[in-house]
$ cat work.cif   # mmCIF, C-alpha atoms
data_target
loop_
_atom_site.label_atom_id
_atom_site.label_comp_id
_atom_site.auth_asym_id
_atom_site.auth_seq_id
_atom_site.Cartn_x
_atom_site.Cartn_y
_atom_site.Cartn_z
CA MET A 30 9.41 6.86 -1.43
CA LYS A 31 8.85 4.90 -4.63
CA VAL A 32 9.09 1.13 -4.51
CA THR A 33 9.32 -1.17 -7.53
CA TYR A 34 9.77 -4.93 -7.52
CA ASN A 35 10.97 -7.02 -10.43
CA GLU A 36 9.75 -10.59 -9.85
CA LYS A 37 11.93 -12.12 -12.57
CA ASP A 38 15.20 -10.84 -11.09
CA LYS A 39 13.86 -10.74 -7.52
CA LEU A 40 15.10 -7.17 -7.47
CA LEU A 41 13.61 -4.58 -5.13
CA LYS A 42 14.30 -0.94 -5.90
CA ILE A 43 13.63 1.63 -3.21
CA GLU A 44 13.81 5.20 -4.42
CA ILE A 45 14.17 7.66 -1.55
CA THR A 46 12.52 10.97 -2.38
CA GLU A 47 13.43 13.19 0.58
CA GLU A 48 16.37 14.55 2.55
CA ILE A 49 17.81 11.93 4.91
CA ASP A 50 18.43 12.99 8.50
CA HIS A 51 17.58 11.67 11.96
CA HIS A 52 14.03 13.00 11.61
CA SER A 53 13.23 11.36 8.26
CA SER A 54 15.32 8.19 8.64
CA GLU A 55 12.94 6.48 11.06
CA LYS A 56 10.05 6.74 8.61
CA ILE A 57 12.25 5.57 5.71
CA ARG A 58 13.53 2.64 7.79
CA THR A 59 10.03 1.46 8.77
CA ARG A 60 8.80 1.53 5.17
CA ALA A 61 11.96 -0.08 3.74
CA ASP A 62 11.84 -2.91 6.28
CA PHE A 63 8.19 -3.51 5.45
CA GLU A 64 8.99 -3.82 1.72
CA ILE A 65 12.05 -6.05 2.28
CA GLN A 66 10.05 -8.42 4.48
CA LYS A 67 7.19 -8.43 1.99
CA TYR A 68 9.30 -9.40 -1.05
CA ILE A 69 12.43 -11.04 0.47
CA PRO A 70 14.40 -9.90 -2.62
CA LYS A 71 17.68 -11.36 -3.86
CA LYS A 72 18.88 -7.86 -4.73
CA LEU A 73 18.09 -4.56 -3.08
CA VAL A 74 18.93 -1.30 -4.81
CA MET A 75 18.59 2.01 -2.99
CA ASP A 76 18.14 4.85 -5.47
CA PHE A 77 19.39 8.30 -4.33
CA GLU A 78 18.48 10.27 -7.47
CA ASN A 79 16.13 12.48 -5.45
CA VAL A 80 18.23 12.77 -2.29
CA ASN A 81 19.93 16.15 -2.19
CA PHE A 82 20.96 16.04 1.46
CA MET A 83 22.04 13.29 3.82
CA ASP A 84 23.83 13.38 7.16
CA SER A 85 25.26 10.50 9.22
CA ALA A 86 21.75 9.26 10.03
CA GLY A 87 21.76 7.89 6.48
CA ILE A 88 24.81 5.72 7.21
CA GLY A 89 23.05 4.03 10.13
CA MET A 90 19.85 3.65 8.14
CA ILE A 91 21.59 2.05 5.12
CA LEU A 92 23.70 -0.27 7.31
CA GLY A 93 20.57 -1.42 9.13
CA ARG A 94 18.88 -2.37 5.83
CA TYR A 95 22.08 -4.09 4.68
CA LYS A 96 22.03 -6.24 7.82
CA MET A 97 18.44 -7.21 7.12
CA ILE A 98 18.94 -8.07 3.42
CA THR A 99 22.05 -10.16 4.13
CA MET A 100 20.13 -12.00 6.84
CA PHE A 101 17.74 -13.08 4.06
CA GLY A 102 20.69 -14.03 1.83
CA GLY A 103 20.38 -11.05 -0.52
CA THR A 104 22.82 -8.42 -1.78
CA MET A 105 22.56 -4.64 -1.83
CA GLY A 106 23.80 -1.69 -3.84
CA MET A 107 23.23 2.06 -4.14
CA ILE A 108 22.63 4.00 -7.33
CA ASN A 109 22.44 7.65 -8.52
CA VAL A 110 24.34 8.98 -5.50
CA HIS A 111 25.00 12.73 -5.72
CA SER A 112 28.45 14.03 -4.75
CA SER A 113 27.42 15.56 -1.40
CA VAL A 114 25.78 12.30 -0.29
CA LYS A 115 28.72 10.29 -1.64
CA LYS A 116 31.08 12.35 0.52
CA VAL A 117 29.23 11.24 3.67
CA PHE A 118 29.17 7.59 2.56
CA GLU A 119 32.86 7.57 1.68
CA MET A 120 33.88 9.07 5.02
CA SER A 121 32.24 6.14 6.78
CA GLY A 122 33.80 3.47 4.55
CA ILE A 123 30.35 1.98 3.97
CA THR A 124 30.83 1.85 0.18
CA LYS A 125 33.39 -0.92 0.70
CA ILE A 126 30.59 -3.30 1.73
CA ILE A 127 27.62 -1.70 -0.06
CA PRO A 128 28.85 -0.63 -3.51
CA ILE A 129 27.69 2.39 -5.47
CA ILE A 130 26.69 0.86 -8.80
CA GLU A 131 26.46 2.50 -12.22
CA GLU A 132 23.44 0.63 -13.53
CA ILE A 133 20.85 -1.82 -12.35
CA GLY A 134 21.41 -5.18 -13.96
CA GLY A 135 25.16 -4.69 -13.96
CA THR A 136 27.33 -7.29 -12.35
CA GLU A 137 28.73 -5.18 -9.46
CA ILE A 138 25.82 -5.80 -7.13
CA GLY A 139 26.02 -9.58 -7.59
CA LYS A 140 29.61 -9.59 -6.43
CA CYS A 141 28.89 -8.04 -3.10
CA VAL A 142 27.66 -10.04 -0.16
CA MET B 21 40.46 34.64 14.93
CA GLU B 22 39.43 37.90 13.30
CA ASN B 23 37.87 40.49 15.60
CA VAL B 24 35.88 42.43 13.04
CA TYR B 25 32.72 40.64 12.06
CA GLU B 26 30.40 41.47 9.21
CA ASN B 27 27.12 40.04 10.44
CA LYS B 28 25.58 37.98 13.23
CA MET B 29 22.41 35.98 13.83
CA LYS B 30 20.94 33.91 16.63
CA LEU B 31 18.28 31.17 16.60
CA GLU B 32 16.53 29.42 19.45
CA PHE B 33 14.23 26.47 18.95
CA LEU B 34 12.89 23.38 20.71
CA SER B 35 14.85 20.13 20.55
CA LYS B 36 12.38 18.48 18.17
CA SER B 37 13.72 16.41 15.29
CA SER B 38 11.55 18.35 12.84
CA ASN B 39 13.81 21.35 13.57
CA GLU B 40 16.93 19.60 12.19
CA ALA B 41 16.08 20.66 8.63
CA PHE B 42 14.99 24.12 9.80
CA ALA B 43 18.34 24.72 11.54
CA ARG B 44 20.60 23.58 8.68
CA ILE B 45 18.59 25.40 6.00
CA THR B 46 18.53 28.64 8.02
CA VAL B 47 22.29 28.55 8.71
CA ALA B 48 23.01 27.73 5.05
CA SER B 49 20.81 30.61 3.96
CA PHE B 50 22.66 33.02 6.30
CA ALA B 51 26.05 31.68 5.13
CA SER B 52 25.09 32.32 1.50
CA GLN B 53 25.94 36.01 2.11
CA LEU B 54 29.59 34.93 1.82
CA ASP B 55 28.92 33.51 -1.65
CA PRO B 56 30.08 29.96 -0.86
CA ASN B 57 30.13 27.24 -3.53
CA ILE B 58 27.74 24.27 -3.52
CA GLU B 59 30.18 21.98 -1.73
CA GLU B 60 30.87 24.51 1.04
CA ILE B 61 27.12 25.02 1.60
CA SER B 62 26.59 21.28 1.68
CA ASP B 63 29.43 20.82 4.21
CA ILE B 64 27.91 23.50 6.49
CA LYS B 65 24.42 21.97 6.28
CA THR B 66 25.77 18.51 7.13
CA ALA B 67 27.85 19.72 10.10
CA VAL B 68 24.93 21.76 11.53
CA SER B 69 22.60 18.80 11.11
CA GLU B 70 25.03 16.56 13.03
CA ALA B 71 25.46 19.01 15.93
CA VAL B 72 21.72 19.75 16.27
CA THR B 73 20.87 16.04 16.09
CA ASN B 74 23.41 15.33 18.85
CA SER B 75 21.73 17.93 21.10
CA ILE B 76 18.32 16.37 20.44
CA ILE B 77 19.28 12.70 20.81
CA HIS B 78 22.07 12.83 23.37
CA GLY B 79 21.82 16.21 25.09
CA TYR B 80 18.10 16.22 25.84
CA GLU B 81 17.34 12.53 25.15
CA ASP B 82 13.58 12.16 25.68
CA LYS B 83 13.07 15.63 27.16
CA ILE B 84 12.37 18.81 25.24
CA GLY B 85 14.83 21.65 25.76
CA ILE B 86 16.14 24.73 23.98
CA ILE B 87 18.86 24.58 21.34
CA LYS B 88 20.69 27.80 20.50
CA VAL B 89 22.47 28.46 17.24
CA GLU B 90 24.64 31.56 16.83
CA CYS B 91 26.37 32.43 13.58
CA THR B 92 28.98 35.09 12.95
CA LEU B 93 30.12 36.04 9.48
CA PHE B 94 33.64 37.32 8.96
CA ALA B 95 35.15 38.51 5.65
CA ASN B 96 35.93 34.99 4.49
CA SER B 97 34.64 32.61 7.14
CA ILE B 98 31.61 31.66 9.19
CA GLU B 99 31.64 30.68 12.86
CA ILE B 100 28.72 28.57 14.08
CA GLN B 101 28.01 27.92 17.76
CA ILE B 102 25.43 25.29 18.67
CA SER B 103 24.62 24.87 22.36
CA ASP B 104 22.21 23.05 24.62
CA ASN B 105 21.53 22.76 28.34
CA GLY B 106 21.36 18.99 28.15
CA LYS B 107 23.13 16.26 30.06
CA GLY B 108 26.62 16.97 28.69
CA ILE B 109 29.31 14.62 27.35
CA GLU B 110 31.20 12.51 29.90
CA ASN B 111 34.16 11.65 27.72
CA ILE B 112 34.71 14.01 24.77
CA GLU B 113 37.72 12.10 23.37
CA LYS B 114 35.69 8.89 23.29
CA ALA B 115 32.69 10.66 21.72
CA LYS B 116 34.94 11.95 18.93
CA GLU B 117 36.17 8.47 17.95
CA PRO B 118 34.78 7.38 14.57
CA LEU B 119 32.02 4.74 14.87
CA TYR B 120 31.70 5.23 18.66
CA THR B 121 28.09 5.67 19.70
CA THR B 122 26.18 5.34 22.95
CA LYS B 123 22.98 4.73 21.00
CA PRO B 124 23.51 1.82 18.58
CA GLU B 125 19.89 0.76 19.17
CA LEU B 126 18.81 3.90 17.29
CA GLU B 127 21.06 2.82 14.37
CA ARG B 128 23.35 5.77 15.06
CA SER B 129 26.57 5.41 13.10
CA GLY B 130 28.92 7.20 15.51
CA MET B 131 30.15 9.42 12.66
CA GLY B 132 28.76 12.78 13.84
CA PHE B 133 31.91 14.39 15.26
CA THR B 134 34.08 12.84 12.51
CA ILE B 135 31.91 14.55 9.91
CA MET B 136 31.92 17.88 11.78
CA GLU B 137 35.71 17.70 12.08
CA ASN B 138 36.26 16.83 8.42
CA PHE B 139 33.63 19.02 6.81
CA MET B 140 34.56 22.15 8.79
CA ASP B 141 37.96 23.84 9.25
CA GLU B 142 37.83 24.13 13.05
CA LEU B 143 35.85 22.27 15.71
CA LYS B 144 35.79 22.96 19.45
CA ILE B 145 33.71 20.91 21.88
CA GLU B 146 33.01 22.25 25.37
CA SER B 147 30.83 20.21 27.69
CA VAL B 148 30.02 19.98 31.39
CA VAL B 149 28.07 16.98 32.64
CA GLY B 150 24.67 18.10 33.91
CA ILE B 151 25.09 21.61 32.48
CA GLY B 152 25.24 21.25 28.71
CA THR B 153 27.35 21.23 25.57
CA LYS B 154 28.62 23.94 23.24
CA ILE B 155 30.01 23.16 19.79
CA THR B 156 31.94 25.88 17.96
CA MET B 157 32.75 25.29 14.31
CA LYS B 158 34.38 27.45 11.71
CA LYS B 159 34.36 27.18 7.95
CA VAL B 160 36.60 29.21 5.66
CA ILE B 161 34.79 30.35 2.52
CA ASN B 162 37.14 30.95 -0.38
CA ASN B 163 34.91 33.40 -2.20
#
$ encode --input "work.cif" --output "structure tokens"
Amino acid sequence: MKVTYNEKDKLLKIEITEEIDHHSSEKIRTRADFEIQKYIPKKLVMDFENVNFMDSAGIGMILGRYKMITMFGGTMGMINVHSSVKKVFEMSGITKIIPIIEEIGGTEIGKCV
Amino acid sequence: MENVYENKMKLEFLSKSSNEAFARITVASFASQLDPNIEEISDIKTAVSEAVTNSIIHGYEDKIGIIKVECTLFANSIEIQISDNGKGIENIEKAKEPLYTTKPELERSGMGFTIMENFMDELKIESVVGIGTKITMKKVINN
């Protein structure tokens, strides 16, 4: 996992760099929660560029982080989502509340709370 | 269902979460003999991952048991059977409902059976409480 924080925009980017399943999601969740609580960002972007597989464990994991970031008054988006991962997200309807954005710094993420 | 099969394989492994990736990658590798496209392979991996995870989390819960995976290749389809000797499913119809989960505390989404049903062409769930669960899925490969 690669984590970058932009102080000016209060934007936390978490880049997941492994397959997401029940086995890996607990580790990802623990680390992501640690980073969110450390920075309390206004915007959280989950980057899926290096995620080539995800099952339904990813839905629960992403929803859990969404609940945490909204509790702190922040917004959340997902970026660089490959088609196979997108298929899982779309089946769950999760993209209606956590949008897949085209670029960081775009306006889409600001619209969603 | 066709009677003449082309190939068969059988796996047995412990219900440890580290075997989720092992199971889906092995089944996908076996299925590649049918020359599936990337989307079909991805659908199979996801469905296998869901079924194996269910056996680990729900079937065996905190115990360690054996999960069996049997695959049969036909001319243009693959049949995958995933079974455990776990606690079984009390209400299969309820378990199949989207977003229904008995383990929300584990951040489970309740989408497992919905994904298996949608990503595969056939899904059969057989379960006896106290005896175990057997999932049979079939995917047509349009090679």
$ resolve_selection --input "work.cif" --expression "the PyMOL selection byres ((chain A and resi 38) around 9)" --output "PyMOL selection string"
chain A and resi 34-37+39-41+70-72+134
$ atom_distance --input "work.cif" --atom1 "CA of Lys107 in chain B" --atom2 "CA of Lys65 in chain B"
24.5 Å
$ interface_residues --input "work.cif" --of "chain B" --to "chain A" --cutoff "12 Å" --atoms "all atoms listed in the file" --output "MDAnalysis selection string"
chainID B and resid 35:42 44:45 58:77 118:121 123:139
$ atom_distance --input "work.cif" --atom1 "CA of Thr153 in chain B" --atom2 "CA of Ile123 in chain A"
29.1 Å
$ resolve_selection --input "work.cif" --expression "the PyMOL selection byres ((chain A and resi 127-131) around 6)" --output "JSON, numbers by chain"
{"A": [106, 107, 108, 124, 125, 126, 132]}
$ write_last_selection --input "work.cif" --atoms "C-alpha atoms" --output "mmCIF file, in the frame of the given file"
data_model
loop_
_atom_site.group_PDB
_atom_site.id
_atom_site.type_symbol
_atom_site.label_atom_id
_atom_site.label_comp_id
_atom_site.auth_asym_id
_atom_site.auth_seq_id
_atom_site.Cartn_x
_atom_site.Cartn_y
_atom_site.Cartn_z
ATOM 1 C CA GLY A 106 23.800 -1.690 -3.840
ATOM 2 C CA MET A 107 23.230 2.060 -4.140
ATOM 3 C CA ILE A 108 22.630 4.000 -7.330
ATOM 4 C CA THR A 124 30.830 1.850 0.180
ATOM 5 C CA LYS A 125 33.390 -0.920 0.700
ATOM 6 C CA ILE A 126 30.590 -3.300 1.730
ATOM 7 C CA GLU A 132 23.440 0.630 -13.530
#
$ resolve_selection --input "work.cif" --expression "the PyMOL selection byres ((chain A and resi 44) around 10)" --output "VMD selection string"
chain A and resid 30 to 33 41 to 43 45 to 47 61 74 to 80 107 to 109
$ write_last_selection --input "work.cif" --atoms "C-alpha atoms" --output "short mmCIF file (atom, residue, chain, number, x, y, z; two decimals), keeping the file's coordinate frame"
data_model
loop_
_atom_site.label_atom_id
_atom_site.label_comp_id
_atom_site.auth_asym_id
_atom_site.auth_seq_id
_atom_site.Cartn_x
_atom_site.Cartn_y
_atom_site.Cartn_z
CA MET A 30 9.41 6.86 -1.43
CA LYS A 31 8.85 4.90 -4.63
CA VAL A 32 9.09 1.13 -4.51
CA THR A 33 9.32 -1.17 -7.53
CA LEU A 41 13.61 -4.58 -5.13
CA LYS A 42 14.30 -0.94 -5.90
CA ILE A 43 13.63 1.63 -3.21
CA ILE A 45 14.17 7.66 -1.55
CA THR A 46 12.52 10.97 -2.38
CA GLU A 47 13.43 13.19 0.58
CA ALA A 61 11.96 -0.08 3.74
CA VAL A 74 18.93 -1.30 -4.81
CA MET A 75 18.59 2.01 -2.99
CA ASP A 76 18.14 4.85 -5.47
CA PHE A 77 19.39 8.30 -4.33
CA GLU A 78 18.48 10.27 -7.47
CA ASN A 79 16.13 12.48 -5.45
CA VAL A 80 18.23 12.77 -2.29
CA MET A 107 23.23 2.06 -4.14
CA ILE A 108 22.63 4.00 -7.33
CA ASN A 109 22.44 7.65 -8.52
#
$ atom_distance --input "work.cif" --atom1 "CA of Ala43 in chain B" --atom2 "CA of Asp104 in chain B"
13.7 Å
$ residues_around --input "work.cif" --residues "Lys158 in chain B" --least-positions-apart "2" --cutoff "10 Å" --atoms "only C-alpha atoms" --output "list in words"
Met21, Ile64, Cys91, Thr92, Leu93, Ser97, Ile98, Glu99, Ile100, Gln101, Met136, Glu137, Phe139, Met140, Asp141, Glu142, Leu143, Lys144, Thr156, Val160 and Ile161 of chain B
$ build_atoms --input "work.cif" --residues "range 113-127 of chain B" --atoms "N, CA, C and O atoms" --output "PDB file, in the coordinates of the input"
ATOM      1  N   GLU B 113      36.791  12.822  24.263  1.00  0.00           N
ATOM      2  CA  GLU B 113      37.720  12.100  23.370  1.00  0.00           C
ATOM      3  C   GLU B 113      37.071  10.831  22.816  1.00  0.00           C
ATOM      4  O   GLU B 113      37.194  10.520  21.647  1.00  0.00           O
ATOM      5  N   LYS B 114      36.372  10.128  23.698  1.00  0.00           N
ATOM      6  CA  LYS B 114      35.690   8.890  23.290  1.00  0.00           C
ATOM      7  C   LYS B 114      34.575   9.218  22.286  1.00  0.00           C
ATOM      8  O   LYS B 114      34.423   8.537  21.276  1.00  0.00           O
ATOM      9  N   ALA B 115      33.812  10.280  22.585  1.00  0.00           N
ATOM     10  CA  ALA B 115      32.690  10.660  21.720  1.00  0.00           C
ATOM     11  C   ALA B 115      33.164  11.024  20.317  1.00  0.00           C
ATOM     12  O   ALA B 115      32.436  10.844  19.338  1.00  0.00           O
ATOM     13  N   LYS B 116      34.411  11.528  20.225  1.00  0.00           N
ATOM     14  CA  LYS B 116      34.940  11.950  18.930  1.00  0.00           C
ATOM     15  C   LYS B 116      35.439  10.774  18.078  1.00  0.00           C
ATOM     16  O   LYS B 116      35.635  10.911  16.881  1.00  0.00           O
ATOM     17  N   GLU B 117      35.648   9.618  18.698  1.00  0.00           N
ATOM     18  CA  GLU B 117      36.170   8.470  17.950  1.00  0.00           C
ATOM     19  C   GLU B 117      35.177   8.045  16.863  1.00  0.00           C
ATOM     20  O   GLU B 117      33.996   7.892  17.142  1.00  0.00           O
ATOM     21  N   PRO B 118      35.682   7.835  15.632  1.00  0.00           N
ATOM     22  CA  PRO B 118      34.780   7.380  14.570  1.00  0.00           C
ATOM     23  C   PRO B 118      34.098   6.068  14.958  1.00  0.00           C
ATOM     24  O   PRO B 118      34.734   5.196  15.557  1.00  0.00           O
ATOM     25  N   LEU B 119      32.848   5.935  14.649  1.00  0.00           N
ATOM     26  CA  LEU B 119      32.020   4.740  14.870  1.00  0.00           C
ATOM     27  C   LEU B 119      31.646   4.504  16.335  1.00  0.00           C
ATOM     28  O   LEU B 119      30.949   3.544  16.651  1.00  0.00           O
ATOM     29  N   TYR B 120      32.110   5.390  17.254  1.00  0.00           N
ATOM     30  CA  TYR B 120      31.700   5.230  18.660  1.00  0.00           C
ATOM     31  C   TYR B 120      30.332   5.864  18.849  1.00  0.00           C
ATOM     32  O   TYR B 120      30.100   7.008  18.492  1.00  0.00           O
ATOM     33  N   THR B 121      29.396   5.102  19.379  1.00  0.00           N
ATOM     34  CA  THR B 121      28.090   5.670  19.700  1.00  0.00           C
ATOM     35  C   THR B 121      27.548   5.050  20.983  1.00  0.00           C
ATOM     36  O   THR B 121      27.814   3.887  21.278  1.00  0.00           O
ATOM     37  N   THR B 122      26.824   5.865  21.743  1.00  0.00           N
ATOM     38  CA  THR B 122      26.180   5.340  22.950  1.00  0.00           C
ATOM     39  C   THR B 122      24.766   4.878  22.633  1.00  0.00           C
ATOM     40  O   THR B 122      24.068   4.370  23.496  1.00  0.00           O
ATOM     41  N   LYS B 123      24.347   5.103  21.377  1.00  0.00           N
ATOM     42  CA  LYS B 123      22.980   4.730  21.000  1.00  0.00           C
ATOM     43  C   LYS B 123      22.916   3.853  19.745  1.00  0.00           C
ATOM     44  O   LYS B 123      22.288   4.211  18.749  1.00  0.00           O
ATOM     45  N   PRO B 124      23.568   2.683  19.763  1.00  0.00           N
ATOM     46  CA  PRO B 124      23.510   1.820  18.580  1.00  0.00           C
ATOM     47  C   PRO B 124      22.084   1.319  18.299  1.00  0.00           C
ATOM     48  O   PRO B 124      21.737   1.023  17.170  1.00  0.00           O
ATOM     49  N   GLU B 125      21.264   1.258  19.356  1.00  0.00           N
ATOM     50  CA  GLU B 125      19.890   0.760  19.170  1.00  0.00           C
ATOM     51  C   GLU B 125      19.076   1.696  18.281  1.00  0.00           C
ATOM     52  O   GLU B 125      18.081   1.302  17.695  1.00  0.00           O
ATOM     53  N   LEU B 126      19.510   2.953  18.174  1.00  0.00           N
ATOM     54  CA  LEU B 126      18.810   3.900  17.290  1.00  0.00           C
ATOM     55  C   LEU B 126      19.450   3.901  15.893  1.00  0.00           C
ATOM     56  O   LEU B 126      19.175   4.771  15.083  1.00  0.00           O
ATOM     57  N   GLU B 127      20.320   2.897  15.634  1.00  0.00           N
ATOM     58  CA  GLU B 127      21.060   2.820  14.370  1.00  0.00           C
ATOM     59  C   GLU B 127      21.906   4.065  14.143  1.00  0.00           C
ATOM     60  O   GLU B 127      22.066   4.524  13.018  1.00  0.00           O
TER      61      GLU B 127
END
